[in-house]
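Student: Let me give you the structure first, and then I'll get to my questions.
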Amino acid sequence: MSDQSSTDKLYNWLDSRFKLGAFVDYMSHKVVPVHSHSMFYYFGGISLFLFIVQVVTGILLLMYYRPGADSAFESVRFIITNVSFGWLIRALHSWSANLMILAVFIHMFSVYFTAAYRKPREMTWLSGMALLGLSLAFGFSGYLLPWNELAFFATRVGTGMAGAIPLVGEKLLIVMRGGEEVTGATIGRFFGLHVAILPGLTTVLLAAHLIFIQRQGMSEPLEWANKPESEKTYQKFFPHFAMKDLLVWLIVLNVLAVLAVLFPDGIGVIHWPLGEKADPFAPPPAVIRPEWYFMFAFQALKMLPAHVLFLEGELFGIIVFSLGGLIWALVPFFDRKSARNEGSQLYRYFGYFVLLFVIGMTLYGYMVE
Amino acid sequence: MKTIRLILALVILALSPVDQIAAAESNCLTCHRDFEEDTGPSHKITRDVHFQKGLDCVSCHGGDPTLEDMDDVRESKGYRGVPDHREVPQFCASCHSDAAYMRGHNPALPTDQLQKYKTSVHGELLFGKNDSKVANCISCHTVHEIGSAKMPHSSTHPLNIPFTCGKCHSDADYMAAYDISTSQLDDYRASVHGMALLERQDLGAPACNDCHGNHGAAPPGTSSLSAVCGNCHALEAELYNLSPHKNAFEENDFPMCETCHSNHRIIKPYDAMVGSDDTALCSECHSHVDGTKGLETAEGISMAIAELVAAHDQAREVLEDAIEKGMMTTDEEFRLKEVDQLLIQTRTLVHSYSLDSVLPKAEAGIQKADSVKTNSASLIDEYYFRRKGLGIATLFITLLALALWLKIRRL
């Protein structure tokens, strides 16, 4: 007994109570494929790491943030100017939010182009899509919380678009805004959404997403279907992949720290200066634009004519985007060729089109400004 | 054909402005426009406020406008023709001093212009000495294109007033007989008031009439300067009235503001105006042996302002550095604005000529400026602290990553 290290002692203590043997045995046999696109496996982990940073910094901000038209702006200014390292926490929260959405997009497109959504991972893809939706909702609801000029008018435009949805639009707009206009009541709703409802839903979905991945393992490339086992290369999940994942997290943490310290208010079009307090009676600023990840949709809707066929342009755009999003989410069920490990050119081109559309519209949106 | 002409006439009549109908009925404009040039009265009259309000030629000149022959008009009932220069004030006053008549046309317009004019230098010379060169109503208001002071083309619009007065007062030959300077317009244009009005078009800046009056125009006397300048510079006037200078100036017949600030060429006040050295204005009257504490006080005031200005400039310099470094400086920027206010207040308190008034305000300003400087310097320290912190954190994370990488390689 005296030869046992303290780690072994702790393990034995836990094993005798929770029967860890089966779990450790399962994890020690878990492997991750090694191939030319292996680097994309890390983007899911990066998204998870940035989400953890979001949660930690969000909780810290929550200690000083006070929702309400009379207190939100003042409390954020207090956080930046008076609270020790408050500026850093806000900068980390904002930067990690933007980087997380970027990582989620890269993760989604890499999964799509490697057809990793194919059977048996349809539910992983669907839960991932839902998590993307939740991430965007986090971004939209968090943008208003400082109650500054830009956030106020951008939220007015953003919620106004929801009002164009047929039948339910008007009611949805009232529910979102807590009235007909963006007011202090809207902050209350967005705050509740941002710190309670969305984190709750995300936790459940994220747990499901991670369980699916752990149960089914990493998807192998399509071309491996016809490869002899001897030509396939794997690495152990523990400790090889896990340690590499940790290394990537450290690199991301470093990048995050540099960005947060050198550019606490963001840089270029990705910026969040506190600026002036929201004034509903002030004229709107010359340029009202959403966050960069909504720019492609915003620009596409802006470019639509007043009427398309018998529909209003904005309504037509919303219908097209909704149908497009639905098709995108249901691709694992439509793409039968990939399910047979054959790969589908049709869906690959559809993916290229969506990727080019998103990048093109985003760039064009900033160029026309 | 007759029906078409009738309809055409009715249409033209319906489209004609009401105020032109009266004129259209008279032959005055028809004939006068035939022989007058484009700048003649019959052409200019359309810009005239009286004409625009519905008055016509007959309203001032009388006579029968339906007659076609000019000689017949001159002999017709009520014809008054062109009044003599000396008759003009009474001529205009026949309506403008008639309160009942004016109520029907422009109830907001005063009816005491003639009364005031009689008290003016112009009026006194005209009525007292029968001087036909002095200004009467039309000298300033023009004739046949008279506009209200709100009309930009009007000679009495604030932007045009200096030139309206300057038309005579800048003309050395014309003014030769009156023994007064003719540099007023040039002086005014170079003054802080003239630059505000004529260059920046700030209609709040005073023109000639704001200090001299308009119909009752006269140079403000020594005793009335307080009211004239104090009308806008109320605080300065109040401080002066409580200061030791008030009695001293009055005893020596020094005009209160003009003694230090001049009259028409009033330049932007500068801090070196106050002090004990030879370049300061104070030394023009005071000396170290004049039995007063004038220069001593001036030196104290000068030093207090100089210290406040230096503290303000230093604070601003450090703050600008903090702003440039991207620090959150909203509070300090707001505090520096308060220092700006205190500096203005201190400079205003100069008019009390009392160290007891100036020093507390200056000290308050210096204290606030110092706090801005200290807080801004802290922000700059914070800026470097953040960078040092980032450097250490980055180094630590990099070392950790490196160690992990080495460990992975050994697996």
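Chains: A, B, ... in order of the structure tokens. Residues: from 1 per chain. Ligands: from 1, in order shown.
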Tell me which protein, DNA and RNA residues are within 12 Å of range 365-374 of chain B, counting only C-alpha atoms, leaving out same-chain ones fewer than 4 positions away, and put them as a PyMOL selection string.
Tutor: chain B and resi 304-322+329-347+358-361+378-381
Student: For chain A against chain B, which residues fall within 9 Å using only C-alpha atoms, given as a PyMOL selection string?
Tutor: chain A and resi 77+80-81+239-240+243-244+246-248+250-251+253-255+257-258+261-265
Student: Can you tell me how far CA of Phe73 in chain A sits from CA of Pro146 in chain A, in Å to one decimal?
Tutor: 5.1 Å
Student: Tell me which protein, DNA and RNA residues are within 12 Å of Arg90 in chain A, counting only C-alpha atoms, leaving out same-chain ones fewer than 6 positions away, and put them as a VMD selection string.
Tutor: chain A and resid 53 to 54 56 to 62 64 to 65 75 to 81 83 to 84 96 to 97 142 146 257 260 to 261 263 to 266 272 to 274
Student: Give me every alpha helix (DSSP H) residue in range 147-329 of chain B, going by DSSP on the backbone, as a PyMOL selection string.
Tutor: chain B and resi 161-169+172-175+184-190+192-194+208-212+225-230+234-241+244-252+258-261+282-285+294-324
Student: Which polymer residues have any atom within 12 Å of an atom of range 5-11 of chain A, counting only C-alpha atoms, with same-chain residues fewer than 6 positions away left out, as an NGL selection string?
Tutor: :A and (17-21 or 24)
Student: Would you compute the distance between CA of His61 in chain B and CA of Arg80 in chain B? Give it in Å to one decimal.
Tutor: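 Spanning CA of His61 in chain B to CA of Arg80 in chain B is a straight-line distance of 5.0 Å.
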Student: Between CA of Phe310 in chain A and CA of Ala162 in chain A, what is the distance in Å, rounded to a tenth?
Tutor: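 Interatomic distance here is 19.5 Å.
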Student: Find the spatial neighbours of Ala185 in chain A, counting only C-alpha atoms, within a cut-off of 10 Å - ignore same-chain residues fewer than 4 positions away - and output them as a PyMOL selection string.
Tutor: chain A and resi 67-69+176-179+181+189-191
Student: List the neighbours of Pro269 in chain B out to 10 Å using only C-alpha atoms; skip same-chain residues closer than 3 positions along the sequence, and give me the result as a ChimeraX atom specification.
Tutor: /B:192,260-261,266,272-274,347
Student: Select, from A:Phe298, A:Phe138, A:Tyr26, A:Trp224, the residue with the minimum atom-to-atom distance to Asn341 in chain A, counting only C-alpha atoms.
Tutor: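 That would be A:Trp224, the residue with the smallest distance to Asn341 in chain A.
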Student: Need to verify the contact set: range 125-141 of chain B, 10 Å, only C-alpha atoms, exclusion of same-chain residues closer than 4 positions in sequence. Can you return it as number ranges by chain?
Tutor: B: 84-93, 113-114, 117-121, 145-149, 154-157, 161, 163-165, 167-168, 174-175, 177, 214-215
